[in-house]
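Asks: Enclosed is the structure file start.cif (mmCIF, N, CA and C atoms).
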```
data_upload
#
loop_
_atom_site.label_atom_id
_atom_site.label_comp_id
_atom_site.auth_asym_id
_atom_site.auth_seq_id
_atom_site.Cartn_x
_atom_site.Cartn_y
_atom_site.Cartn_z
N MET A 6 -23.66 -138.76 -137.12
CA MET A 6 -24.83 -138.92 -137.95
C MET A 6 -25.78 -137.75 -137.69
N ILE A 7 -26.32 -137.25 -138.74
CA ILE A 7 -27.35 -136.21 -138.65
C ILE A 7 -28.71 -136.90 -138.79
N PRO A 8 -29.67 -136.57 -137.93
CA PRO A 8 -30.97 -137.25 -138.03
C PRO A 8 -31.67 -136.95 -139.37
N VAL A 9 -32.16 -137.99 -140.01
CA VAL A 9 -32.84 -137.81 -141.29
C VAL A 9 -34.21 -137.18 -141.11
N ASP A 10 -34.82 -137.43 -139.97
CA ASP A 10 -36.12 -136.84 -139.70
C ASP A 10 -36.18 -136.37 -138.25
N SER A 11 -37.14 -135.50 -138.00
CA SER A 11 -37.26 -134.87 -136.69
C SER A 11 -38.71 -134.78 -136.27
N ILE A 12 -38.90 -134.79 -134.96
CA ILE A 12 -40.20 -134.44 -134.39
C ILE A 12 -40.14 -132.94 -134.18
N ILE A 13 -41.08 -132.24 -134.77
CA ILE A 13 -41.05 -130.78 -134.74
C ILE A 13 -42.26 -130.25 -133.99
N ALA A 14 -42.14 -129.01 -133.53
CA ALA A 14 -43.23 -128.36 -132.81
C ALA A 14 -43.24 -126.88 -133.16
N ASP A 15 -44.41 -126.28 -133.01
CA ASP A 15 -44.53 -124.84 -133.31
C ASP A 15 -44.31 -123.99 -132.06
N GLY A 16 -43.84 -124.60 -130.99
CA GLY A 16 -43.50 -123.89 -129.77
C GLY A 16 -42.71 -124.78 -128.85
N PHE A 17 -41.98 -124.17 -127.93
CA PHE A 17 -41.18 -124.93 -126.98
C PHE A 17 -42.05 -125.28 -125.79
N SER A 18 -42.96 -126.23 -126.02
CA SER A 18 -43.92 -126.62 -124.99
C SER A 18 -44.40 -128.04 -125.29
N ASN A 19 -44.67 -128.78 -124.25
CA ASN A 19 -45.22 -130.12 -124.43
C ASN A 19 -46.62 -130.07 -125.04
N ASP A 20 -47.27 -128.91 -124.94
CA ASP A 20 -48.63 -128.74 -125.48
C ASP A 20 -48.64 -128.14 -126.89
N ALA A 21 -47.48 -127.92 -127.47
CA ALA A 21 -47.40 -127.33 -128.81
C ALA A 21 -47.93 -128.31 -129.85
N ASN A 22 -48.25 -127.78 -131.03
CA ASN A 22 -48.60 -128.63 -132.16
C ASN A 22 -47.35 -129.39 -132.58
N VAL A 23 -47.49 -130.68 -132.86
CA VAL A 23 -46.36 -131.55 -133.14
C VAL A 23 -46.56 -132.22 -134.49
N ASP A 24 -45.44 -132.41 -135.21
CA ASP A 24 -45.47 -133.11 -136.49
C ASP A 24 -44.12 -133.79 -136.69
N THR A 25 -44.00 -134.55 -137.75
CA THR A 25 -42.74 -135.20 -138.13
C THR A 25 -42.40 -134.76 -139.54
N CYS A 26 -41.13 -134.46 -139.78
CA CYS A 26 -40.71 -134.09 -141.12
C CYS A 26 -39.24 -134.42 -141.32
N LEU A 27 -38.80 -134.37 -142.56
CA LEU A 27 -37.38 -134.53 -142.84
C LEU A 27 -36.64 -133.38 -142.17
N SER A 28 -35.50 -133.69 -141.59
CA SER A 28 -34.79 -132.69 -140.80
C SER A 28 -34.39 -131.45 -141.60
N HIS A 29 -34.11 -131.61 -142.88
CA HIS A 29 -33.72 -130.44 -143.67
C HIS A 29 -34.92 -129.72 -144.28
N HIS A 30 -36.14 -130.05 -143.82
CA HIS A 30 -37.35 -129.38 -144.28
C HIS A 30 -38.21 -128.86 -143.13
N ILE A 31 -37.60 -128.50 -142.03
CA ILE A 31 -38.36 -127.97 -140.91
C ILE A 31 -38.90 -126.59 -141.31
N PRO A 32 -40.22 -126.41 -141.24
CA PRO A 32 -40.80 -125.13 -141.67
C PRO A 32 -40.37 -123.95 -140.78
N ASP A 33 -40.43 -122.78 -141.35
CA ASP A 33 -40.18 -121.56 -140.57
C ASP A 33 -41.13 -121.54 -139.37
N ASN A 34 -40.62 -121.02 -138.27
CA ASN A 34 -41.38 -120.88 -137.02
C ASN A 34 -41.69 -122.21 -136.34
N TRP A 35 -41.08 -123.30 -136.79
CA TRP A 35 -41.16 -124.59 -136.12
C TRP A 35 -39.75 -124.94 -135.68
N MET A 36 -39.64 -125.86 -134.74
CA MET A 36 -38.31 -126.27 -134.27
C MET A 36 -38.26 -127.79 -134.09
N GLY A 37 -37.09 -128.33 -134.34
CA GLY A 37 -36.88 -129.75 -134.10
C GLY A 37 -36.61 -129.98 -132.62
N LEU A 38 -37.45 -130.80 -131.98
CA LEU A 38 -37.31 -131.03 -130.54
C LEU A 38 -37.00 -132.49 -130.20
N ASP A 39 -36.93 -133.35 -131.21
CA ASP A 39 -36.55 -134.74 -130.99
C ASP A 39 -36.19 -135.34 -132.35
N ILE A 40 -35.49 -136.46 -132.30
CA ILE A 40 -35.22 -137.16 -133.56
C ILE A 40 -36.48 -137.93 -133.96
N GLY A 41 -36.63 -138.12 -135.27
CA GLY A 41 -37.81 -138.79 -135.79
C GLY A 41 -37.67 -140.30 -135.80
N PRO A 42 -38.72 -141.00 -136.24
CA PRO A 42 -38.73 -142.47 -136.20
C PRO A 42 -37.65 -143.12 -137.08
N ASN A 43 -37.35 -142.56 -138.24
CA ASN A 43 -36.30 -143.14 -139.08
C ASN A 43 -34.93 -142.93 -138.46
N ALA A 44 -34.70 -141.76 -137.92
CA ALA A 44 -33.42 -141.48 -137.24
C ALA A 44 -33.25 -142.40 -136.04
N ARG A 45 -34.32 -142.61 -135.28
CA ARG A 45 -34.25 -143.52 -134.12
C ARG A 45 -33.77 -144.90 -134.54
N GLU A 46 -34.36 -145.43 -135.60
CA GLU A 46 -33.99 -146.77 -136.07
C GLU A 46 -32.53 -146.80 -136.56
N GLN A 47 -32.12 -145.77 -137.29
CA GLN A 47 -30.74 -145.71 -137.78
C GLN A 47 -29.75 -145.64 -136.62
N TYR A 48 -30.02 -144.78 -135.67
CA TYR A 48 -29.12 -144.63 -134.52
C TYR A 48 -29.05 -145.93 -133.72
N ALA A 49 -30.20 -146.54 -133.47
CA ALA A 49 -30.23 -147.78 -132.68
C ALA A 49 -29.44 -148.88 -133.39
N ASP A 50 -29.54 -148.95 -134.70
CA ASP A 50 -28.81 -149.96 -135.46
C ASP A 50 -27.29 -149.78 -135.30
N VAL A 51 -26.84 -148.54 -135.43
CA VAL A 51 -25.40 -148.26 -135.27
C VAL A 51 -24.95 -148.58 -133.85
N ILE A 52 -25.74 -148.18 -132.86
CA ILE A 52 -25.38 -148.40 -131.46
C ILE A 52 -25.31 -149.89 -131.15
N ARG A 53 -26.31 -150.63 -131.59
CA ARG A 53 -26.34 -152.07 -131.28
C ARG A 53 -25.20 -152.84 -131.96
N ASN A 54 -24.60 -152.25 -132.98
CA ASN A 54 -23.49 -152.89 -133.69
C ASN A 54 -22.14 -152.29 -133.33
N SER A 55 -22.09 -151.53 -132.26
CA SER A 55 -20.85 -150.89 -131.82
C SER A 55 -20.28 -151.62 -130.60
N LYS A 56 -18.97 -151.62 -130.51
CA LYS A 56 -18.31 -152.24 -129.36
C LYS A 56 -18.03 -151.22 -128.26
N THR A 57 -17.87 -149.96 -128.64
CA THR A 57 -17.63 -148.87 -127.69
C THR A 57 -18.60 -147.75 -128.02
N ILE A 58 -19.27 -147.24 -126.99
CA ILE A 58 -20.29 -146.20 -127.18
C ILE A 58 -19.98 -145.04 -126.25
N LEU A 59 -19.87 -143.86 -126.80
CA LEU A 59 -19.76 -142.63 -126.02
C LEU A 59 -20.98 -141.79 -126.37
N TRP A 60 -21.85 -141.61 -125.40
CA TRP A 60 -23.08 -140.84 -125.63
C TRP A 60 -22.99 -139.55 -124.84
N ASN A 61 -23.02 -138.44 -125.56
CA ASN A 61 -22.94 -137.12 -124.94
C ASN A 61 -24.07 -136.27 -125.49
N GLY A 62 -25.14 -136.15 -124.76
CA GLY A 62 -26.26 -135.30 -125.15
C GLY A 62 -27.50 -136.09 -125.52
N PRO A 63 -28.65 -135.74 -124.93
CA PRO A 63 -29.90 -136.42 -125.27
C PRO A 63 -30.32 -136.11 -126.70
N MET A 64 -31.23 -136.90 -127.23
CA MET A 64 -31.68 -136.76 -128.62
C MET A 64 -32.68 -135.63 -128.79
N GLY A 65 -33.35 -135.28 -127.72
CA GLY A 65 -34.35 -134.23 -127.80
C GLY A 65 -34.57 -133.62 -126.43
N VAL A 66 -35.66 -132.91 -126.31
CA VAL A 66 -36.01 -132.28 -125.04
C VAL A 66 -36.70 -133.34 -124.19
N PHE A 67 -35.89 -134.24 -123.62
CA PHE A 67 -36.42 -135.42 -122.91
C PHE A 67 -37.23 -135.05 -121.68
N GLU A 68 -37.09 -133.82 -121.19
CA GLU A 68 -37.86 -133.39 -120.02
C GLU A 68 -39.35 -133.24 -120.36
N MET A 69 -39.68 -133.14 -121.64
CA MET A 69 -41.08 -133.06 -122.09
C MET A 69 -41.43 -134.38 -122.75
N SER A 70 -42.49 -135.02 -122.29
CA SER A 70 -42.84 -136.38 -122.74
C SER A 70 -43.01 -136.49 -124.25
N ASN A 71 -43.53 -135.46 -124.91
CA ASN A 71 -43.72 -135.52 -126.36
C ASN A 71 -42.40 -135.54 -127.13
N PHE A 72 -41.31 -135.20 -126.47
CA PHE A 72 -40.01 -135.12 -127.16
C PHE A 72 -38.95 -135.99 -126.48
N ALA A 73 -39.39 -136.97 -125.72
CA ALA A 73 -38.47 -137.85 -125.00
C ALA A 73 -38.27 -139.20 -125.69
N VAL A 74 -39.05 -139.48 -126.71
CA VAL A 74 -39.03 -140.81 -127.34
C VAL A 74 -37.67 -141.14 -127.93
N GLY A 75 -37.05 -140.19 -128.62
CA GLY A 75 -35.75 -140.45 -129.23
C GLY A 75 -34.69 -140.77 -128.20
N THR A 76 -34.67 -140.03 -127.12
CA THR A 76 -33.69 -140.27 -126.05
C THR A 76 -33.90 -141.64 -125.43
N GLU A 77 -35.15 -142.01 -125.17
CA GLU A 77 -35.43 -143.32 -124.60
C GLU A 77 -35.07 -144.44 -125.59
N PHE A 78 -35.35 -144.23 -126.86
CA PHE A 78 -35.03 -145.23 -127.88
C PHE A 78 -33.52 -145.47 -127.93
N VAL A 79 -32.75 -144.39 -127.94
CA VAL A 79 -31.29 -144.51 -127.96
C VAL A 79 -30.79 -145.14 -126.67
N ALA A 80 -31.34 -144.73 -125.53
CA ALA A 80 -30.94 -145.33 -124.25
C ALA A 80 -31.20 -146.83 -124.24
N ASP A 81 -32.35 -147.25 -124.78
CA ASP A 81 -32.65 -148.68 -124.86
C ASP A 81 -31.59 -149.40 -125.70
N ALA A 82 -31.19 -148.80 -126.81
CA ALA A 82 -30.17 -149.41 -127.66
C ALA A 82 -28.82 -149.50 -126.95
N VAL A 83 -28.48 -148.47 -126.19
CA VAL A 83 -27.22 -148.48 -125.43
C VAL A 83 -27.26 -149.59 -124.38
N VAL A 84 -28.37 -149.72 -123.69
CA VAL A 84 -28.52 -150.78 -122.68
C VAL A 84 -28.41 -152.16 -123.34
N ASP A 85 -29.08 -152.34 -124.49
CA ASP A 85 -29.00 -153.62 -125.22
C ASP A 85 -27.56 -153.94 -125.60
N ALA A 86 -26.86 -152.96 -126.16
CA ALA A 86 -25.47 -153.17 -126.58
C ALA A 86 -24.58 -153.49 -125.38
N THR A 87 -24.80 -152.81 -124.28
CA THR A 87 -24.01 -153.06 -123.07
C THR A 87 -24.24 -154.48 -122.56
N ARG A 88 -25.50 -154.88 -122.55
CA ARG A 88 -25.84 -156.23 -122.11
C ARG A 88 -25.14 -157.29 -122.98
N LEU A 89 -24.92 -156.96 -124.25
CA LEU A 89 -24.27 -157.90 -125.17
C LEU A 89 -22.75 -157.77 -125.18
N GLY A 90 -22.19 -156.91 -124.29
CA GLY A 90 -20.75 -156.85 -124.14
C GLY A 90 -20.08 -155.57 -124.59
N SER A 91 -20.81 -154.62 -125.10
CA SER A 91 -20.22 -153.33 -125.49
C SER A 91 -19.89 -152.51 -124.25
N TYR A 92 -18.91 -151.61 -124.39
CA TYR A 92 -18.59 -150.67 -123.32
C TYR A 92 -19.34 -149.38 -123.62
N SER A 93 -20.13 -148.91 -122.66
CA SER A 93 -20.93 -147.71 -122.86
C SER A 93 -20.59 -146.65 -121.83
N LEU A 94 -20.23 -145.49 -122.31
CA LEU A 94 -19.89 -144.35 -121.46
C LEU A 94 -20.88 -143.23 -121.75
N ILE A 95 -21.64 -142.85 -120.73
CA ILE A 95 -22.61 -141.78 -120.84
C ILE A 95 -21.98 -140.54 -120.23
N GLY A 96 -21.85 -139.47 -121.01
CA GLY A 96 -21.17 -138.28 -120.52
C GLY A 96 -22.02 -137.04 -120.63
N GLY A 97 -22.06 -136.27 -119.56
CA GLY A 97 -22.77 -134.99 -119.58
C GLY A 97 -23.95 -135.00 -118.64
N GLY A 98 -24.21 -133.86 -118.07
CA GLY A 98 -25.28 -133.73 -117.09
C GLY A 98 -26.65 -134.10 -117.63
N ASP A 99 -27.00 -133.64 -118.84
CA ASP A 99 -28.30 -133.96 -119.39
C ASP A 99 -28.41 -135.43 -119.77
N SER A 100 -27.35 -136.00 -120.33
CA SER A 100 -27.36 -137.43 -120.66
C SER A 100 -27.46 -138.26 -119.39
N ALA A 101 -26.68 -137.90 -118.39
CA ALA A 101 -26.73 -138.61 -117.11
C ALA A 101 -28.13 -138.50 -116.50
N ALA A 102 -28.73 -137.32 -116.57
CA ALA A 102 -30.08 -137.13 -116.03
C ALA A 102 -31.09 -138.01 -116.77
N ALA A 103 -30.96 -138.08 -118.08
CA ALA A 103 -31.89 -138.90 -118.88
C ALA A 103 -31.74 -140.38 -118.52
N VAL A 104 -30.50 -140.84 -118.43
CA VAL A 104 -30.25 -142.25 -118.10
C VAL A 104 -30.76 -142.55 -116.69
N ASN A 105 -30.55 -141.65 -115.76
CA ASN A 105 -31.05 -141.84 -114.40
C ASN A 105 -32.58 -141.81 -114.36
N GLN A 106 -33.17 -140.87 -115.09
CA GLN A 106 -34.63 -140.76 -115.14
C GLN A 106 -35.26 -142.05 -115.67
N LEU A 107 -34.60 -142.69 -116.62
CA LEU A 107 -35.11 -143.94 -117.20
C LEU A 107 -34.80 -145.16 -116.34
N GLY A 108 -33.97 -144.97 -115.30
CA GLY A 108 -33.60 -146.08 -114.44
C GLY A 108 -32.54 -146.99 -115.05
N TYR A 109 -31.71 -146.44 -115.95
CA TYR A 109 -30.73 -147.23 -116.68
C TYR A 109 -29.29 -147.04 -116.20
N ALA A 110 -29.06 -146.25 -115.18
CA ALA A 110 -27.69 -145.94 -114.76
C ALA A 110 -26.89 -147.20 -114.43
N ASP A 111 -27.55 -148.20 -113.88
CA ASP A 111 -26.84 -149.43 -113.53
C ASP A 111 -26.82 -150.44 -114.68
N LYS A 112 -27.33 -150.04 -115.85
CA LYS A 112 -27.38 -150.93 -117.01
C LYS A 112 -26.43 -150.51 -118.11
N VAL A 113 -25.62 -149.49 -117.84
CA VAL A 113 -24.58 -149.05 -118.76
C VAL A 113 -23.24 -149.17 -118.03
N SER A 114 -22.15 -149.05 -118.77
CA SER A 114 -20.84 -149.27 -118.16
C SER A 114 -20.44 -148.16 -117.20
N TYR A 115 -20.65 -146.90 -117.60
CA TYR A 115 -20.21 -145.78 -116.77
C TYR A 115 -21.02 -144.54 -117.10
N VAL A 116 -21.37 -143.78 -116.07
CA VAL A 116 -22.08 -142.51 -116.24
C VAL A 116 -21.24 -141.41 -115.63
N SER A 117 -20.94 -140.38 -116.42
CA SER A 117 -20.17 -139.22 -115.97
C SER A 117 -21.02 -137.98 -116.12
N THR A 118 -21.03 -137.14 -115.09
CA THR A 118 -21.77 -135.87 -115.22
C THR A 118 -20.94 -134.83 -115.97
N GLY A 119 -19.67 -135.10 -116.16
CA GLY A 119 -18.80 -134.18 -116.90
C GLY A 119 -18.94 -134.38 -118.39
N GLY A 120 -19.62 -133.49 -119.06
CA GLY A 120 -19.81 -133.62 -120.50
C GLY A 120 -18.67 -133.03 -121.29
N GLY A 121 -18.57 -131.70 -121.25
CA GLY A 121 -17.50 -131.02 -121.98
C GLY A 121 -16.13 -131.42 -121.48
N ALA A 122 -15.98 -131.54 -120.19
CA ALA A 122 -14.69 -131.93 -119.62
C ALA A 122 -14.33 -133.35 -120.04
N LEU A 123 -15.29 -134.23 -120.07
CA LEU A 123 -15.04 -135.60 -120.52
C LEU A 123 -14.55 -135.62 -121.96
N LEU A 124 -15.20 -134.86 -122.82
CA LEU A 124 -14.79 -134.82 -124.23
C LEU A 124 -13.39 -134.22 -124.37
N GLU A 125 -13.10 -133.17 -123.60
CA GLU A 125 -11.76 -132.57 -123.65
C GLU A 125 -10.71 -133.56 -123.16
N TYR A 126 -11.02 -134.30 -122.11
CA TYR A 126 -10.09 -135.31 -121.60
C TYR A 126 -9.81 -136.36 -122.67
N MET A 127 -10.85 -136.79 -123.35
CA MET A 127 -10.68 -137.81 -124.39
C MET A 127 -9.89 -137.26 -125.59
N GLU A 128 -9.95 -135.96 -125.79
CA GLU A 128 -9.15 -135.32 -126.85
C GLU A 128 -7.69 -135.22 -126.47
N GLY A 129 -7.38 -135.45 -125.20
CA GLY A 129 -6.01 -135.36 -124.74
C GLY A 129 -5.65 -134.02 -124.13
N LYS A 130 -6.64 -133.15 -123.95
CA LYS A 130 -6.38 -131.85 -123.35
C LYS A 130 -6.15 -131.98 -121.85
N THR A 131 -5.38 -131.06 -121.31
CA THR A 131 -5.16 -131.01 -119.87
C THR A 131 -6.32 -130.27 -119.23
N LEU A 132 -6.93 -130.91 -118.26
CA LEU A 132 -8.05 -130.29 -117.56
C LEU A 132 -7.53 -129.44 -116.41
N PRO A 133 -8.06 -128.24 -116.22
CA PRO A 133 -7.55 -127.34 -115.18
C PRO A 133 -7.55 -127.97 -113.78
N GLY A 134 -8.59 -128.68 -113.42
CA GLY A 134 -8.66 -129.29 -112.10
C GLY A 134 -7.60 -130.36 -111.90
N VAL A 135 -7.37 -131.16 -112.94
CA VAL A 135 -6.35 -132.20 -112.87
C VAL A 135 -4.97 -131.56 -112.81
N ALA A 136 -4.76 -130.51 -113.61
CA ALA A 136 -3.48 -129.82 -113.61
C ALA A 136 -3.17 -129.23 -112.23
N ALA A 137 -4.17 -128.69 -111.56
CA ALA A 137 -3.98 -128.11 -110.24
C ALA A 137 -3.58 -129.19 -109.22
N ILE A 138 -4.19 -130.35 -109.33
CA ILE A 138 -3.86 -131.44 -108.41
C ILE A 138 -2.43 -131.94 -108.65
N GLU A 139 -2.03 -131.97 -109.92
CA GLU A 139 -0.71 -132.48 -110.27
C GLU A 139 0.43 -131.50 -109.99
N ARG A 140 0.10 -130.20 -109.82
CA ARG A 140 1.14 -129.21 -109.51
C ARG A 140 1.71 -129.48 -108.13
N ASP A 141 2.98 -129.23 -107.98
CA ASP A 141 3.60 -129.42 -106.68
C ASP A 141 3.94 -128.11 -105.99
N ASP A 142 3.34 -127.03 -106.47
CA ASP A 142 3.67 -125.72 -105.90
C ASP A 142 2.58 -125.18 -104.99
N TYR A 143 1.73 -126.00 -104.47
CA TYR A 143 0.66 -125.49 -103.61
C TYR A 143 0.86 -125.82 -102.17
#
```
Do you think you could lay out the structure here as structure tokens?

Replies:
Amino acid sequence: MIPVDSIIADGFSNDANVDTCLSHHIPDNWMGLDIGPNAREQYADVIRNSKTILWNGPMGVFEMSNFAVGTEFVADAVVDATRLGSYSLIGGGDSAAAVNQLGYADKVSYVSTGGGALLEYMEGKTLPGVAAIERDDY
């Protein structure tokens, strides 16, 4: 899903001017730093109605409070879905950091710091570290 709206800023700073707009109408010299309120609701609805959730990547620049709302909203939905029986896998260093920062690590099924490697493993690719362990020529 592509976010329908975004929280935008005129600089990469928590103190920048902030606004909300449709994602495909972000003005020149502004940047999307979080998902907007409509996107949050859409994402949460899909997550709460899913049986398996793989979350790889925060929704915005969660390290800055003005752009952390989307990530927290999605994390809340993942926790709700997990509590209702869904399997939730959080993958990637930034996603893991966000979940840990929110105190939700023990409220989801599994947290992996391996983002790209996790996705490659799920694609069926051979991971170099696993291949090295499985070799018998060392």

Asks: Any idea what the distance is between atom C of Ala80 of chain A and atom CA of Trp35 of chain A?

Replies: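 Pair atom C of Ala80 of chain A / atom CA of Trp35 of chain A returns 27.1 Å.
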
Asks: To one decimal place in Å, what is the distance between atom C of Ala101 of chain A and atom C of Tyr48 of chain A?

Replies: 18.8 Å

Asks: Between A:Ile31, A:Met36, A:Leu89, A:Glu128, which residue has the minimum interatomic distance to Phe17 of chain A, considering only N, CA and C atoms?

Replies: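 When distances to Phe17 of chain A are compared using only N, CA and C atoms, the smallest one comes from A:Met36.
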
Asks: List the spatial neighbours of Asp99 of chain A as a list in words - criterion: any atom at most 7 Å away, all atoms listed in the file, same-chain residues fewer than 6 positions off excluded.

Replies: Gly62, Pro63 and Thr118 of chain A

Asks: Grab the atom C of Gly119 of chain A to atom C of Tyr92 of chain A distance for me, in Å with one decimal place.

Replies: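 So the answer is 15.9 Å.
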
Asks: Using the chain letters and numbering of this document, enumerate as an MDAnalysis selection string the residues selected by the PyMOL selection byres ((chain A and resi 109-116) around 6).

Replies: chainID A and resid 84 87 92:96 104:108 117:118

Asks: Just the selected residues (N, CA and C atoms), exported as a short mmCIF file (atom, residue, chain, number, x, y, z; two decimals), keeping the file's coordinate frame, please.

Replies:
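Now in selection31.cif:
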```cif
data_model
loop_
_atom_site.label_atom_id
_atom_site.label_comp_id
_atom_site.auth_asym_id
_atom_site.auth_seq_id
_atom_site.Cartn_x
_atom_site.Cartn_y
_atom_site.Cartn_z
N VAL A 84 -28.37 -149.72 -123.69
CA VAL A 84 -28.52 -150.78 -122.68
C VAL A 84 -28.41 -152.16 -123.34
N THR A 87 -24.80 -152.81 -124.28
CA THR A 87 -24.01 -153.06 -123.07
C THR A 87 -24.24 -154.48 -122.56
N TYR A 92 -18.91 -151.61 -124.39
CA TYR A 92 -18.59 -150.67 -123.32
C TYR A 92 -19.34 -149.38 -123.62
N SER A 93 -20.13 -148.91 -122.66
CA SER A 93 -20.93 -147.71 -122.86
C SER A 93 -20.59 -146.65 -121.83
N LEU A 94 -20.23 -145.49 -122.31
CA LEU A 94 -19.89 -144.35 -121.46
C LEU A 94 -20.88 -143.23 -121.75
N ILE A 95 -21.64 -142.85 -120.73
CA ILE A 95 -22.61 -141.78 -120.84
C ILE A 95 -21.98 -140.54 -120.23
N GLY A 96 -21.85 -139.47 -121.01
CA GLY A 96 -21.17 -138.28 -120.52
C GLY A 96 -22.02 -137.04 -120.63
N VAL A 104 -30.50 -140.84 -118.43
CA VAL A 104 -30.25 -142.25 -118.10
C VAL A 104 -30.76 -142.55 -116.69
N ASN A 105 -30.55 -141.65 -115.76
CA ASN A 105 -31.05 -141.84 -114.40
C ASN A 105 -32.58 -141.81 -114.36
N GLN A 106 -33.17 -140.87 -115.09
CA GLN A 106 -34.63 -140.76 -115.14
C GLN A 106 -35.26 -142.05 -115.67
N LEU A 107 -34.60 -142.69 -116.62
CA LEU A 107 -35.11 -143.94 -117.20
C LEU A 107 -34.80 -145.16 -116.34
N GLY A 108 -33.97 -144.97 -115.30
CA GLY A 108 -33.60 -146.08 -114.44
C GLY A 108 -32.54 -146.99 -115.05
N SER A 117 -20.94 -140.38 -116.42
CA SER A 117 -20.17 -139.22 -115.97
C SER A 117 -21.02 -137.98 -116.12
N THR A 118 -21.03 -137.14 -115.09
CA THR A 118 -21.77 -135.87 -115.22
C THR A 118 -20.94 -134.83 -115.97
#
```

Asks: Taking only chain A into account, list the residues labelled alpha helix (DSSP H) by DSSP (computed from the backbone), as a VMD selection string.

Replies: chain A and resid 42 to 53 74 to 88 98 to 106 121 to 128 133 to 139

Asks: Counting only C-alpha atoms, which of A:Ala21, A:Ala102, A:Ala122, A:Val83 gets nearest to Glu68 of chain A?

Replies: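 Closest to Glu68 of chain A of all the choices is A:Ala102.
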
Asks: Mind checking which residues fall within 8 Å of Val9 of chain A, counting only C-alpha atoms, ignoring those fewer than 4 positions away in the same chain, and posting them as a JSON list (two decimals) with N, CA and C atoms, in the frame of the given file?

Replies:
```json
[["chain", "number", "residue", "atom", "x", "y", "z"],
["A", 27, "LEU", "N", -38.80, -134.37, -142.56],
["A", 27, "LEU", "CA", -37.38, -134.53, -142.84],
["A", 27, "LEU", "C", -36.64, -133.38, -142.17],
["A", 28, "SER", "N", -35.50, -133.69, -141.59],
["A", 28, "SER", "CA", -34.79, -132.69, -140.80],
["A", 28, "SER", "C", -34.39, -131.45, -141.60],
["A", 29, "HIS", "N", -34.11, -131.61, -142.88],
["A", 29, "HIS", "CA", -33.72, -130.44, -143.67],
["A", 29, "HIS", "C", -34.92, -129.72, -144.28],
["A", 41, "GLY", "N", -36.63, -138.12, -135.27],
["A", 41, "GLY", "CA", -37.81, -138.79, -135.79],
["A", 41, "GLY", "C", -37.67, -140.30, -135.80],
["A", 43, "ASN", "N", -37.35, -142.56, -138.24],
["A", 43, "ASN", "CA", -36.30, -143.14, -139.08],
["A", 43, "ASN", "C", -34.93, -142.93, -138.46],
["A", 44, "ALA", "N", -34.70, -141.76, -137.92],
["A", 44, "ALA", "CA", -33.42, -141.48, -137.24],
["A", 44, "ALA", "C", -33.25, -142.40, -136.04]]
```

Asks: Going by the chain IDs and residue numbers used in this file, which residues fall under the PyMOL selection byres (((chain A and resi 71-79 and name CA) around 8) and name CA)? Write them as a list of chain:residue names.

Replies: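 On the file shown, the PyMOL selection byres (((chain A and resi 71-79 and name CA) around 8) and name CA) covers A:Ile12, A:Asn19, A:Leu38, A:Asp39, A:Ile40, A:Gly41, A:Pro42, A:Arg45, A:Tyr48, A:Ala49, A:Ile52, A:Pro63, A:Met64, A:Gly65, A:Val66, A:Phe67, A:Glu68, A:Met69, A:Ser70, A:Ala80, A:Asp81, A:Ala82, A:Val83, A:Ala103, A:Leu107.
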
Asks: Could you go through chain A and tell me which residues DSSP, when run on the backbone, assigns to strand (DSSP E or B), listing them as an MDAnalysis selection string?

Replies: chainID A and resid 10:14 23:27 36:40 57:60 92:96 115:117

Asks: For Asn61 of chain A, which residue among A:Leu123, A:Ile13, A:Ala136, A:Gly97 is the nearest when counting only N, CA and C atoms?

Replies: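 Of A:Leu123, A:Ile13, A:Ala136, A:Gly97, the one nearest Asn61 of chain A, counting only N, CA and C atoms, is A:Gly97.
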
Asks: Which one of A:Glu125, A:Asp85, A:Asp20, A:Asp10 sits closest to Asn54 of chain A if you count only C-alpha atoms?

Replies: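 Among the listed residues, A:Asp85 lies closest to Asn54 of chain A.
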
Asks: Here is a test: counting all atoms listed in the file, which residue of A:Gly37, A:Glu46, A:His30, A:Val135 is nearest to Asp15 of chain A?

Replies: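 The closest residue to Asp15 of chain A is A:Gly37.
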
Asks: Between A:Leu132, A:Met127, A:Met6, A:Cys26, which has the minimum distance to Gln47 of chain A (counting only C-alpha atoms)?

Replies: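 Nearest candidate to Gln47 of chain A out of A:Leu132, A:Met127, A:Met6, A:Cys26: A:Met6.
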
Asks: Step by step: locate segment 116-123 of chain A in the block above, keep N, CA and C atoms, then write the file as a compact mmCIF listing (two decimals), in the first residue's frame.

Replies:
```
# COMPACT_ATOMS: atom_id res chain seq x y z
N VAL A 116 10.85 -10.48 16.93
CA VAL A 116 11.57 -9.29 16.47
C VAL A 116 12.94 -9.74 15.96
N SER A 117 13.26 -9.39 14.72
CA SER A 117 14.54 -9.71 14.11
C SER A 117 15.25 -8.43 13.73
N THR A 118 16.53 -8.33 14.05
CA THR A 118 17.28 -7.14 13.63
C THR A 118 17.72 -7.26 12.17
N GLY A 119 17.60 -8.44 11.60
CA GLY A 119 17.98 -8.65 10.20
C GLY A 119 16.85 -8.24 9.28
N GLY A 120 16.98 -7.11 8.63
CA GLY A 120 15.93 -6.64 7.73
C GLY A 120 16.06 -7.20 6.34
N GLY A 121 17.10 -6.76 5.64
CA GLY A 121 17.33 -7.24 4.27
C GLY A 121 17.57 -8.74 4.23
N ALA A 122 18.33 -9.23 5.17
CA ALA A 122 18.61 -10.67 5.21
C ALA A 122 17.34 -11.46 5.48
N LEU A 123 16.49 -10.96 6.35
CA LEU A 123 15.22 -11.63 6.62
C LEU A 123 14.37 -11.70 5.36
```
